[in-house]
Amino acid sequence: MKDDMKSLYYLNKYLLKYKWYLIFGILFIICSNLFAVYMPEIIDQAADKISAHFENKNNNDLINKDEIWNSGIYLCLVYLSLALLKGVFLFFTRQTIIVMSRLIEYDLKNEIFDKYQSLSLSFYKKNNTGDLLNRISEDVTKVRMYLGPAIMYTINVCLLFILVITFMIRKNPELTFYVLTPLPILSYIIYRISSTINKKSEITQKQQSALSTFVQESFSGIRVLKSYNRESYFNKSFAEETEYYKKASLNLAYVNAFFTPAIVLLIGLSTLLTIYIGGIKTINGEIDYGDIVQFIFYINMLTWPIASLGWVTSLIQRAAASQKRINEFLDQEEKIINKKHAHTLEEISELSFNKVSFTYPDTGIKALENISFKIKKGQSLGIIGRTGSGKSTIGNLICRLYDIESGSIEINKENIGNIDINNLRSKTGYVPQDVFLFSDTISSNISFGLEHSPINENPIVNAAKTAFIHNEITKFPESYNTKIGERGITLSGGQKQRISIARAIIKKPDILILDDCLSAVDTEAEEQILKNLQPLMDASISIIIGHRVSSIMKADHIIVLDKGIIIEEGNHNNLIQKNGYYAEIHKKQLLEKKED
Ligand code: ATP
Ligand code: MG
């Protein structure tokens with residue numbers, strides 16, 4: 001618990017950044033409370049005036065009615081002005097402290113998001129998306145509740161306490177003592193109820209997110225769900241989940257119901273004590289009527305702040321737990337980083353792997369062993385092999401999504417680790433095997449990798465033409481401005497692949513990696529695309545990964561992978577002559593084509 005609290009220290013840098021908001025906020029709280037504590041004083045004076053009036057009446061002394069009226073109106077005006085001033089300063093308090101919490105929330109979200117963007121793929125493999133989302137949304141919200149309401153209420157309670165108790169003691173220390181005795185019991189009870197409420201609401205929240213995950217899955221998997229006829233099973237599971245949720249919320253409502261009555265009961269006790277003891281003291285002539293009224297007002301003023309103490313404590317506890325989780329992410333050290341003297345390259349003209357071995361750090365799967373090859377500008381490398389043989393891994397390593405453990409990857413004869421990562425990636429056009437397009441227009445998807453979006457459509461159209469998708473795009477209702485993804489049209493697998501090719505080639509990369517990105521198009525389209533790509537491939541280093549011999553047969557050098565090892569290599573003709581694995585799949589695929 002104490003360690004949790006320490007995690008909140010992380011936020012001090014932000015409090016320092018927005019210190020003026022905090023300082024003014026505290027000043028405004030002081031002002032608003034000063035006006036507030038004078039209000040019962042006015043009530044006291046009014047009550048004294050009235051009681052004096054009645055006493056005089058009994059004495060049959062005719063007193064001036066006008067005078068009573070005038071002082072009544074005067075006190076009313078003072079009271080109203082105090083209330084108004086208190087309100088104005090309360091407004092300013094919220095405008096500073098709550099605004100501060102929102103500003104910090106904004107900064108913290110950006111900080112977390114920046115961190116996420118800088119972390120490597122293995123980090124994303126280890127953490128699930130739901131967790132990452134929670135850090136940046138729910139946890140940050142809880143931290144904001146600490147920075148805003150919790151800080152504000154804590155300062156408020158402390159000040160109000162000091163002020164009110166000073167005022168009460170000045171009036172009558174003994175009465176103050178009696179009146180305040182029930183308050184510690186009150187705050188303890190409220191603390192207990194609040195923590196129970198928190199525990200229960202945590203359970204409800206968890207059940208709520210389980211419910212939304214469930215619903216979300218059933219929506220995104222709706223095609224599978226329907227084709228497997230599992231609707232009734234899902235309905236049943238949903239009913240069970242909601243049943244849990246109902247139970248949890250009813251439980252919460254039950255505890256919640258105790259909250260207000262408990263406060264009212266204890267406040268009532270204090271009020272009763274005030275009237276009883278105050279009454280005796282009035283009879284003894286120690287105090288007057290007005291003082292009793294004033295005390296009752298003070299007790300009511302203390303009610304909410306004390307009631308909120310328990311709530312604030314739990315806000316702080318929850319914020320601390322959230323900040324601890326956030327810190328765990330922020331403290332992650334990024335392993336793939338730029339070295340201090342990383343080079344930037346004008347042009348990439350050579351790429352070589354020298355005895356590269358690689359094991360995925362998170363799964364321990366050995367994906368590559370002793371891989372060597374060399375490609376120069378204008379040359380192409382074809383990679384073929386069984387599924388899981390390590391083909392995509394080579395692509396990942398060239399983009400430096402992972403660092404290798406033995407051997408070396410060299411670019412322009414320089415170790416890949418010495419080259420600026422952003423420079424390397426901006427010169428690489430990578431078409432991943434699992435195509436991902438953003439829910440945006442086709443043109444933004446194609447121009448995604450460009451630093452500045454192009455002035456006109458020309459580069460986008462040219463890239464689309466090369467990727468052999470232009471004609472299909474123009475047939476869409478809004479051509480290049482057609483939205484794709486969740487809210488837009490659904491593209492076929494082959495269309496997606498070709499848009500993703502256009503995205504990679506628009507930036508005229510020095511290294512072009514096509515990872516099995518022709519698998520969903522037919523052989524004729526494949527031939528056309530490869531023909532269109534030829535000029536670009538002549539000016540760059542290209543790596544074509546595929547399952548079909550037809551996609552890679554034109555490459556200058558071909559490697560055949562099996563279980564991470566190169567089992568054959570050479571150009572197409574050499575490999576056919578060798579009559580090994582390559583020749584065998586070539587024969588098979590030719591037969592399949594004839595059967596078509
Ligand atoms: P396919 O033809 O099916 O695309 P591939 O030749 O591209 O296969 P890789 O994706 O390179 O194969 O995978 C090689 C091995 O590494 C596989 O055993 C796979 O399970 C493992 N692997 C791939 N990606 C990861 C990853 N991100 N984390 C851990 N292990 C991985
Ligand atoms: Mg692959």
# chains A, B, ... in the order shown; residues from 1 in each chain; ligands from 1
call {"tool": "residues_around", "arguments": {"residues": "Ser209 of chain A", "least_positions_apart": "3", "cutoff": "12 Å", "atoms": "only C-alpha atoms", "output": "PyMOL selection string"}}
result
chain A and resi 130-131+133-134+138+202-206+212-216+241-242+245
call {"tool": "residues_near_ligand", "arguments": {"ligand": "ligand 2", "cutoff": "12 Å", "atoms": "only C-alpha atoms and all ligand atoms", "output": "NGL selection string"}}
result
:A and (367 or 383-396 or 431-435 or 513-517 or 519 or 544-547 or 561 or 564)
call {"tool": "write_last_selection", "arguments": {"atoms": "N, CA, C and O atoms", "output": "CSV table (one decimal), in the first residue's frame"}}
result
chain,number,residue,atom,x,y,z
A,367,ALA,N,14.0,-19.2,-34.9
A,367,ALA,CA,13.4,-19.0,-36.2
A,367,ALA,C,14.4,-19.0,-37.3
A,367,ALA,O,14.0,-19.4,-38.5
A,383,ILE,N,12.6,-15.6,-51.6
A,383,ILE,CA,12.7,-16.5,-50.5
A,383,ILE,C,11.4,-17.4,-50.5
A,383,ILE,O,10.3,-16.9,-50.6
A,384,ILE,N,11.7,-18.7,-50.5
A,384,ILE,CA,10.5,-19.6,-50.5
A,384,ILE,C,10.8,-20.7,-49.5
A,384,ILE,O,11.9,-20.9,-49.0
A,385,GLY,N,9.7,-21.3,-49.0
A,385,GLY,CA,9.9,-22.4,-48.0
A,385,GLY,C,8.6,-22.7,-47.4
A,385,GLY,O,7.6,-22.0,-47.6
A,386,ARG,N,8.6,-23.8,-46.6
A,386,ARG,CA,7.3,-24.2,-46.0
A,386,ARG,C,6.8,-23.2,-45.0
A,386,ARG,O,7.6,-22.3,-44.6
A,387,THR,N,5.6,-23.3,-44.6
A,387,THR,CA,5.1,-22.3,-43.6
A,387,THR,C,5.8,-22.5,-42.3
A,387,THR,O,6.1,-23.6,-41.9
A,388,GLY,N,6.1,-21.4,-41.7
A,388,GLY,CA,6.8,-21.4,-40.4
A,388,GLY,C,8.3,-21.6,-40.5
A,388,GLY,O,9.0,-21.9,-39.6
A,389,SER,N,8.8,-21.5,-41.8
A,389,SER,CA,10.3,-21.8,-42.0
A,389,SER,C,11.1,-20.6,-41.7
A,389,SER,O,12.4,-20.7,-41.7
A,390,GLY,N,10.5,-19.4,-41.4
A,390,GLY,CA,11.4,-18.2,-41.0
A,390,GLY,C,11.4,-17.1,-42.1
A,390,GLY,O,12.2,-16.2,-41.9
A,391,LYS,N,10.6,-17.2,-43.1
A,391,LYS,CA,10.6,-16.2,-44.2
A,391,LYS,C,10.3,-14.8,-43.7
A,391,LYS,O,11.0,-13.9,-43.9
A,392,SER,N,9.2,-14.7,-43.0
A,392,SER,CA,8.7,-13.4,-42.5
A,392,SER,C,9.7,-12.8,-41.5
A,392,SER,O,9.9,-11.6,-41.4
A,393,THR,N,10.3,-13.8,-40.8
A,393,THR,CA,11.3,-13.3,-39.8
A,393,THR,C,12.4,-12.5,-40.4
A,393,THR,O,12.9,-11.5,-39.9
A,394,ILE,N,12.9,-13.0,-41.6
A,394,ILE,CA,13.9,-12.2,-42.3
A,394,ILE,C,13.5,-10.8,-42.6
A,394,ILE,O,14.2,-9.8,-42.3
A,395,GLY,N,12.2,-10.6,-43.0
A,395,GLY,CA,11.7,-9.3,-43.3
A,395,GLY,C,11.7,-8.5,-42.0
A,395,GLY,O,12.1,-7.3,-42.0
A,396,ASN,N,11.2,-9.0,-40.9
A,396,ASN,CA,11.2,-8.3,-39.6
A,396,ASN,C,12.6,-7.8,-39.2
A,396,ASN,O,12.7,-6.7,-38.7
A,431,VAL,N,5.8,-4.6,-47.2
A,431,VAL,CA,4.4,-5.0,-47.4
A,431,VAL,C,4.3,-6.3,-46.5
A,431,VAL,O,4.8,-7.4,-46.8
A,432,PRO,N,3.7,-6.1,-45.3
A,432,PRO,CA,3.6,-7.3,-44.4
A,432,PRO,C,2.6,-8.4,-44.9
A,432,PRO,O,1.8,-8.1,-45.7
A,433,GLN,N,2.8,-9.5,-44.4
A,433,GLN,CA,2.0,-10.7,-44.8
A,433,GLN,C,0.6,-10.5,-44.4
A,433,GLN,O,-0.3,-10.7,-45.2
A,434,ASP,N,0.4,-10.1,-43.1
A,434,ASP,CA,-1.0,-9.8,-42.7
A,434,ASP,C,-1.3,-8.4,-42.9
A,434,ASP,O,-0.9,-7.5,-42.1
A,435,VAL,N,-2.0,-8.1,-44.0
A,435,VAL,CA,-2.3,-6.7,-44.4
A,435,VAL,C,-3.1,-6.0,-43.4
A,435,VAL,O,-4.0,-6.6,-42.8
A,513,ILE,N,10.3,-4.9,-49.6
A,513,ILE,CA,10.1,-6.3,-49.1
A,513,ILE,C,8.6,-6.6,-49.3
A,513,ILE,O,7.7,-6.0,-48.8
A,514,LEU,N,8.4,-7.6,-50.1
A,514,LEU,CA,7.1,-8.1,-50.4
A,514,LEU,C,6.9,-9.4,-49.7
A,514,LEU,O,7.4,-10.4,-50.2
A,515,ASP,N,6.2,-9.4,-48.6
A,515,ASP,CA,6.0,-10.7,-47.8
A,515,ASP,C,4.7,-11.3,-48.2
A,515,ASP,O,3.7,-11.0,-47.7
A,516,ASP,N,4.8,-12.3,-49.1
A,516,ASP,CA,3.7,-13.1,-49.5
A,516,ASP,C,2.5,-12.3,-49.8
A,516,ASP,O,1.4,-12.6,-49.5
A,517,CYS,N,2.7,-11.1,-50.5
A,517,CYS,CA,1.6,-10.2,-50.7
A,517,CYS,C,1.0,-10.4,-52.0
A,517,CYS,O,0.2,-9.6,-52.4
A,519,SER,N,-0.3,-13.5,-52.6
A,519,SER,CA,-1.0,-14.8,-52.4
A,519,SER,C,-2.5,-14.8,-52.7
A,519,SER,O,-3.0,-15.8,-53.1
A,544,ILE,N,11.5,-10.7,-52.3
A,544,ILE,CA,10.2,-11.2,-52.5
A,544,ILE,C,10.0,-12.5,-51.8
A,544,ILE,O,10.8,-13.5,-52.0
A,545,ILE,N,9.0,-12.6,-50.9
A,545,ILE,CA,8.8,-13.8,-50.2
A,545,ILE,C,7.5,-14.4,-50.7
A,545,ILE,O,6.6,-13.7,-51.0
A,546,GLY,N,7.5,-15.7,-50.9
A,546,GLY,CA,6.3,-16.3,-51.5
A,546,GLY,C,6.2,-17.8,-51.3
A,546,GLY,O,7.2,-18.4,-50.9
A,547,HIS,N,5.0,-18.3,-51.5
A,547,HIS,CA,4.9,-19.8,-51.5
A,547,HIS,C,4.8,-20.3,-52.9
A,547,HIS,O,5.1,-21.5,-53.1
A,561,LEU,N,14.1,-22.0,-47.7
A,561,LEU,CA,14.3,-22.2,-46.2
A,561,LEU,C,13.5,-23.4,-45.7
A,561,LEU,O,12.4,-23.7,-46.3
A,564,GLY,N,14.2,-22.7,-40.6
A,564,GLY,CA,15.1,-21.6,-40.3
A,564,GLY,C,16.5,-21.8,-40.9
A,564,GLY,O,17.4,-21.0,-40.7
call {"tool": "closest_residue", "arguments": {"among": "A:Ile365, A:Cys158, A:Ile565, A:Leu345", "to": "ligand 1", "atoms": "only C-alpha atoms and all ligand atoms"}}
result
A:Ile365
call {"tool": "select_by_dssp", "arguments": {"residues": "segment 226-465 of chain A", "states": "helix (DSSP H, G or I)", "output": "PyMOL selection string"}}
result
chain A and resi 226-227+231-283+289-330+391-398+416-418+421-426+442-446+458-465
call {"tool": "closest_residue", "arguments": {"among": "A:Leu121, A:Leu80, A:Ile576, A:Ala150", "to": "Asp362 of chain A", "atoms": "only C-alpha atoms"}}
result
A:Leu121
call {"tool": "closest_residue", "arguments": {"among": "A:Ser122, A:Ser237, A:Thr344, A:Thr154", "to": "ligand 1", "atoms": "only C-alpha atoms and all ligand atoms"}}
result
A:Ser122
call {"tool": "closest_residue", "arguments": {"among": "A:Ile446, A:Ile73, A:Ile371, A:Ile222", "to": "Phe353 of chain A", "atoms": "only C-alpha atoms"}}
result
A:Ile371
call {"tool": "closest_residue", "arguments": {"among": "A:Tyr124, A:Met301, A:Gln534, A:Arg325", "to": "ligand 1", "atoms": "only C-alpha atoms and all ligand atoms"}}
result
A:Tyr124
call {"tool": "residues_around", "arguments": {"residues": "Leu437 of chain A", "least_positions_apart": "3", "cutoff": "12 Å", "atoms": "only C-alpha atoms", "output": "PyMOL selection string"}}
result
chain A and resi 431-432+434+440-448+483-486+488+490-491+493+495-503
call {"tool": "write_last_selection", "arguments": {"atoms": "N, CA and C atoms", "output": "CSV table (one decimal), in the first residue's frame"}}
result
chain,number,residue,atom,x,y,z
A,431,VAL,N,5.8,-4.6,-47.2
A,431,VAL,CA,4.4,-5.0,-47.4
A,431,VAL,C,4.3,-6.3,-46.5
A,432,PRO,N,3.7,-6.1,-45.3
A,432,PRO,CA,3.6,-7.3,-44.4
A,432,PRO,C,2.6,-8.4,-44.9
A,434,ASP,N,0.4,-10.1,-43.1
A,434,ASP,CA,-1.0,-9.8,-42.7
A,434,ASP,C,-1.3,-8.4,-42.9
A,440,ASP,N,-10.0,4.5,-43.0
A,440,ASP,CA,-9.8,5.8,-43.6
A,440,ASP,C,-10.0,5.7,-45.1
A,441,THR,N,-9.7,6.8,-45.8
A,441,THR,CA,-9.9,6.7,-47.2
A,441,THR,C,-8.8,5.9,-47.9
A,442,ILE,N,-9.1,5.5,-49.1
A,442,ILE,CA,-8.1,4.7,-49.8
A,442,ILE,C,-6.8,5.6,-50.0
A,443,SER,N,-7.0,6.9,-50.4
A,443,SER,CA,-5.8,7.7,-50.7
A,443,SER,C,-5.0,7.9,-49.4
A,444,SER,N,-5.6,8.1,-48.3
A,444,SER,CA,-4.8,8.3,-47.0
A,444,SER,C,-4.1,7.0,-46.7
A,445,ASN,N,-4.7,5.8,-47.0
A,445,ASN,CA,-4.0,4.6,-46.7
A,445,ASN,C,-2.8,4.4,-47.6
A,446,ILE,N,-2.9,4.8,-48.9
A,446,ILE,CA,-1.8,4.7,-49.8
A,446,ILE,C,-0.7,5.7,-49.4
A,447,SER,N,-1.0,6.9,-49.0
A,447,SER,CA,0.0,7.9,-48.8
A,447,SER,C,0.5,7.9,-47.3
A,448,PHE,N,0.1,6.8,-46.6
A,448,PHE,CA,0.4,6.7,-45.2
A,448,PHE,C,1.8,6.9,-44.8
A,483,LYS,N,-14.1,5.4,-48.3
A,483,LYS,CA,-13.7,5.0,-47.0
A,483,LYS,C,-13.6,3.5,-46.9
A,484,ILE,N,-12.6,2.9,-46.3
A,484,ILE,CA,-12.6,1.5,-46.1
A,484,ILE,C,-12.6,1.2,-44.6
A,485,GLY,N,-12.9,-0.1,-44.3
A,485,GLY,CA,-12.8,-0.5,-42.9
A,485,GLY,C,-14.2,-0.5,-42.3
A,486,GLU,N,-14.3,-0.3,-41.0
A,486,GLU,CA,-15.5,-0.6,-40.2
A,486,GLU,C,-16.7,0.2,-40.8
A,488,GLY,N,-16.8,1.8,-43.7
A,488,GLY,CA,-16.8,2.0,-45.2
A,488,GLY,C,-17.0,0.7,-45.9
A,490,THR,N,-16.1,-2.9,-47.7
A,490,THR,CA,-15.2,-4.0,-47.4
A,490,THR,C,-14.4,-4.4,-48.6
A,491,LEU,N,-13.2,-4.5,-48.5
A,491,LEU,CA,-12.4,-4.9,-49.7
A,491,LEU,C,-12.1,-6.4,-49.7
A,493,GLY,N,-9.7,-9.7,-50.2
A,493,GLY,CA,-8.3,-10.0,-49.7
A,493,GLY,C,-7.3,-9.5,-50.7
A,495,GLN,N,-7.6,-7.2,-53.1
A,495,GLN,CA,-7.6,-5.7,-53.2
A,495,GLN,C,-6.8,-5.1,-52.0
A,496,LYS,N,-7.0,-5.7,-50.8
A,496,LYS,CA,-6.3,-5.2,-49.7
A,496,LYS,C,-4.8,-5.3,-49.9
A,497,GLN,N,-4.4,-6.5,-50.4
A,497,GLN,CA,-3.0,-6.7,-50.6
A,497,GLN,C,-2.4,-5.7,-51.6
A,498,ARG,N,-3.1,-5.4,-52.7
A,498,ARG,CA,-2.6,-4.5,-53.7
A,498,ARG,C,-2.5,-3.0,-53.1
A,499,ILE,N,-3.5,-2.6,-52.3
A,499,ILE,CA,-3.4,-1.3,-51.7
A,499,ILE,C,-2.2,-1.2,-50.8
A,500,SER,N,-2.0,-2.3,-50.1
A,500,SER,CA,-0.8,-2.3,-49.2
A,500,SER,C,0.5,-2.3,-50.0
A,501,ILE,N,0.5,-2.9,-51.2
A,501,ILE,CA,1.7,-2.8,-52.1
A,501,ILE,C,1.9,-1.3,-52.5
A,502,ALA,N,0.8,-0.7,-52.9
A,502,ALA,CA,0.8,0.8,-53.3
A,502,ALA,C,1.4,1.6,-52.2
A,503,ARG,N,1.0,1.3,-51.0
A,503,ARG,CA,1.5,2.1,-49.8
A,503,ARG,C,3.0,2.0,-49.7
call {"tool": "decode", "arguments": {"residues": "segment 97-131 of chain A", "atoms": "N, CA and C atoms", "output": "PDB file, in the first residue's frame"}}
result
ATOM      1  N   ILE A  97      -8.250  24.185 -10.150  1.00  0.00           N
ATOM      2  CA  ILE A  97      -7.779  22.843  -9.795  1.00  0.00           C
ATOM      3  C   ILE A  97      -8.314  21.767 -10.745  1.00  0.00           C
ATOM      4  N   ILE A  98      -9.595  21.848 -11.067  1.00  0.00           N
ATOM      5  CA  ILE A  98     -10.136  20.824 -11.976  1.00  0.00           C
ATOM      6  C   ILE A  98      -9.533  20.999 -13.378  1.00  0.00           C
ATOM      7  N   VAL A  99      -9.349  22.246 -13.783  1.00  0.00           N
ATOM      8  CA  VAL A  99      -8.707  22.488 -15.078  1.00  0.00           C
ATOM      9  C   VAL A  99      -7.289  21.914 -15.064  1.00  0.00           C
ATOM     10  N   MET A 100      -6.593  22.116 -13.948  1.00  0.00           N
ATOM     11  CA  MET A 100      -5.240  21.564 -13.839  1.00  0.00           C
ATOM     12  C   MET A 100      -5.267  20.042 -14.031  1.00  0.00           C
ATOM     13  N   SER A 101      -6.250  19.386 -13.389  1.00  0.00           N
ATOM     14  CA  SER A 101      -6.289  17.930 -13.491  1.00  0.00           C
ATOM     15  C   SER A 101      -6.541  17.496 -14.930  1.00  0.00           C
ATOM     16  N   ARG A 102      -7.346  18.272 -15.644  1.00  0.00           N
ATOM     17  CA  ARG A 102      -7.609  17.933 -17.052  1.00  0.00           C
ATOM     18  C   ARG A 102      -6.357  18.129 -17.904  1.00  0.00           C
ATOM     19  N   LEU A 103      -5.614  19.190 -17.612  1.00  0.00           N
ATOM     20  CA  LEU A 103      -4.392  19.438 -18.386  1.00  0.00           C
ATOM     21  C   LEU A 103      -3.372  18.326 -18.144  1.00  0.00           C
ATOM     22  N   ILE A 104      -3.270  17.907 -16.874  1.00  0.00           N
ATOM     23  CA  ILE A 104      -2.310  16.835 -16.580  1.00  0.00           C
ATOM     24  C   ILE A 104      -2.763  15.535 -17.229  1.00  0.00           C
ATOM     25  N   GLU A 105      -4.081  15.313 -17.205  1.00  0.00           N
ATOM     26  CA  GLU A 105      -4.614  14.110 -17.847  1.00  0.00           C
ATOM     27  C   GLU A 105      -4.188  14.066 -19.317  1.00  0.00           C
ATOM     28  N   TYR A 106      -4.315  15.210 -19.974  1.00  0.00           N
ATOM     29  CA  TYR A 106      -3.952  15.319 -21.385  1.00  0.00           C
ATOM     30  C   TYR A 106      -2.464  15.003 -21.592  1.00  0.00           C
ATOM     31  N   ASP A 107      -1.622  15.633 -20.740  1.00  0.00           N
ATOM     32  CA  ASP A 107      -0.183  15.401 -20.861  1.00  0.00           C
ATOM     33  C   ASP A 107       0.177  13.940 -20.618  1.00  0.00           C
ATOM     34  N   LEU A 108      -0.459  13.368 -19.594  1.00  0.00           N
ATOM     35  CA  LEU A 108      -0.125  11.989 -19.218  1.00  0.00           C
ATOM     36  C   LEU A 108      -0.531  11.030 -20.329  1.00  0.00           C
ATOM     37  N   LYS A 109      -1.706  11.270 -20.917  1.00  0.00           N
ATOM     38  CA  LYS A 109      -2.139  10.421 -22.024  1.00  0.00           C
ATOM     39  C   LYS A 109      -1.140  10.494 -23.153  1.00  0.00           C
ATOM     40  N   ASN A 110      -0.701  11.688 -23.478  1.00  0.00           N
ATOM     41  CA  ASN A 110       0.278  11.832 -24.553  1.00  0.00           C
ATOM     42  C   ASN A 110       1.582  11.135 -24.212  1.00  0.00           C
ATOM     43  N   GLU A 111       1.986  11.252 -22.948  1.00  0.00           N
ATOM     44  CA  GLU A 111       3.239  10.618 -22.555  1.00  0.00           C
ATOM     45  C   GLU A 111       3.137   9.097 -22.719  1.00  0.00           C
ATOM     46  N   ILE A 112       1.997   8.543 -22.266  1.00  0.00           N
ATOM     47  CA  ILE A 112       1.833   7.092 -22.373  1.00  0.00           C
ATOM     48  C   ILE A 112       1.788   6.672 -23.833  1.00  0.00           C
ATOM     49  N   PHE A 113       1.064   7.443 -24.647  1.00  0.00           N
ATOM     50  CA  PHE A 113       0.946   7.067 -26.054  1.00  0.00           C
ATOM     51  C   PHE A 113       2.309   7.130 -26.751  1.00  0.00           C
ATOM     52  N   ASP A 114       3.070   8.173 -26.464  1.00  0.00           N
ATOM     53  CA  ASP A 114       4.421   8.287 -27.044  1.00  0.00           C
ATOM     54  C   ASP A 114       5.261   7.078 -26.669  1.00  0.00           C
ATOM     55  N   LYS A 115       5.125   6.672 -25.398  1.00  0.00           N
ATOM     56  CA  LYS A 115       5.886   5.518 -24.929  1.00  0.00           C
ATOM     57  C   LYS A 115       5.464   4.271 -25.704  1.00  0.00           C
ATOM     58  N   TYR A 116       4.165   4.077 -25.832  1.00  0.00           N
ATOM     59  CA  TYR A 116       3.651   2.928 -26.574  1.00  0.00           C
ATOM     60  C   TYR A 116       4.255   2.879 -27.961  1.00  0.00           C
ATOM     61  N   GLN A 117       4.290   4.039 -28.631  1.00  0.00           N
ATOM     62  CA  GLN A 117       4.777   4.079 -30.004  1.00  0.00           C
ATOM     63  C   GLN A 117       6.253   3.713 -30.079  1.00  0.00           C
ATOM     64  N   SER A 118       6.986   4.000 -29.005  1.00  0.00           N
ATOM     65  CA  SER A 118       8.422   3.760 -29.083  1.00  0.00           C
ATOM     66  C   SER A 118       8.788   2.317 -28.730  1.00  0.00           C
ATOM     67  N   LEU A 119       7.852   1.605 -28.117  1.00  0.00           N
ATOM     68  CA  LEU A 119       8.198   0.251 -27.669  1.00  0.00           C
ATOM     69  C   LEU A 119       8.168  -0.756 -28.815  1.00  0.00           C
ATOM     70  N   SER A 120       8.976  -1.813 -28.654  1.00  0.00           N
ATOM     71  CA  SER A 120       9.142  -2.738 -29.772  1.00  0.00           C
ATOM     72  C   SER A 120       8.014  -3.747 -29.831  1.00  0.00           C
ATOM     73  N   LEU A 121       8.040  -4.527 -30.913  1.00  0.00           N
ATOM     74  CA  LEU A 121       6.981  -5.506 -31.122  1.00  0.00           C
ATOM     75  C   LEU A 121       6.884  -6.515 -30.001  1.00  0.00           C
ATOM     76  N   SER A 122       8.039  -6.894 -29.418  1.00  0.00           N
ATOM     77  CA  SER A 122       7.937  -7.945 -28.394  1.00  0.00           C
ATOM     78  C   SER A 122       7.156  -7.449 -27.185  1.00  0.00           C
ATOM     79  N   PHE A 123       7.193  -6.129 -26.941  1.00  0.00           N
ATOM     80  CA  PHE A 123       6.368  -5.562 -25.878  1.00  0.00           C
ATOM     81  C   PHE A 123       4.884  -5.790 -26.181  1.00  0.00           C
ATOM     82  N   TYR A 124       4.518  -5.567 -27.438  1.00  0.00           N
ATOM     83  CA  TYR A 124       3.113  -5.741 -27.816  1.00  0.00           C
ATOM     84  C   TYR A 124       2.691  -7.195 -27.783  1.00  0.00           C
ATOM     85  N   LYS A 125       3.672  -8.090 -28.007  1.00  0.00           N
ATOM     86  CA  LYS A 125       3.357  -9.515 -27.934  1.00  0.00           C
ATOM     87  C   LYS A 125       3.038  -9.907 -26.489  1.00  0.00           C
ATOM     88  N   LYS A 126       3.741  -9.260 -25.545  1.00  0.00           N
ATOM     89  CA  LYS A 126       3.612  -9.646 -24.141  1.00  0.00           C
ATOM     90  C   LYS A 126       2.347  -9.091 -23.492  1.00  0.00           C
ATOM     91  N   ASN A 127       1.880  -7.935 -23.959  1.00  0.00           N
ATOM     92  CA  ASN A 127       0.738  -7.291 -23.307  1.00  0.00           C
ATOM     93  C   ASN A 127      -0.467  -7.311 -24.218  1.00  0.00           C
ATOM     94  N   ASN A 128      -1.630  -7.623 -23.633  1.00  0.00           N
ATOM     95  CA  ASN A 128      -2.780  -7.653 -24.530  1.00  0.00           C
ATOM     96  C   ASN A 128      -3.379  -6.262 -24.716  1.00  0.00           C
ATOM     97  N   THR A 129      -4.088  -6.139 -25.835  1.00  0.00           N
ATOM     98  CA  THR A 129      -4.599  -4.835 -26.248  1.00  0.00           C
ATOM     99  C   THR A 129      -5.503  -4.214 -25.184  1.00  0.00           C
ATOM    100  N   GLY A 130      -6.332  -5.058 -24.554  1.00  0.00           N
ATOM    101  CA  GLY A 130      -7.238  -4.547 -23.537  1.00  0.00           C
ATOM    102  C   GLY A 130      -6.479  -3.838 -22.424  1.00  0.00           C
ATOM    103  N   ASP A 131      -5.371  -4.461 -21.997  1.00  0.00           N
ATOM    104  CA  ASP A 131      -4.551  -3.872 -20.938  1.00  0.00           C
ATOM    105  C   ASP A 131      -3.983  -2.529 -21.357  1.00  0.00           C
TER     106      ASP A 131
END
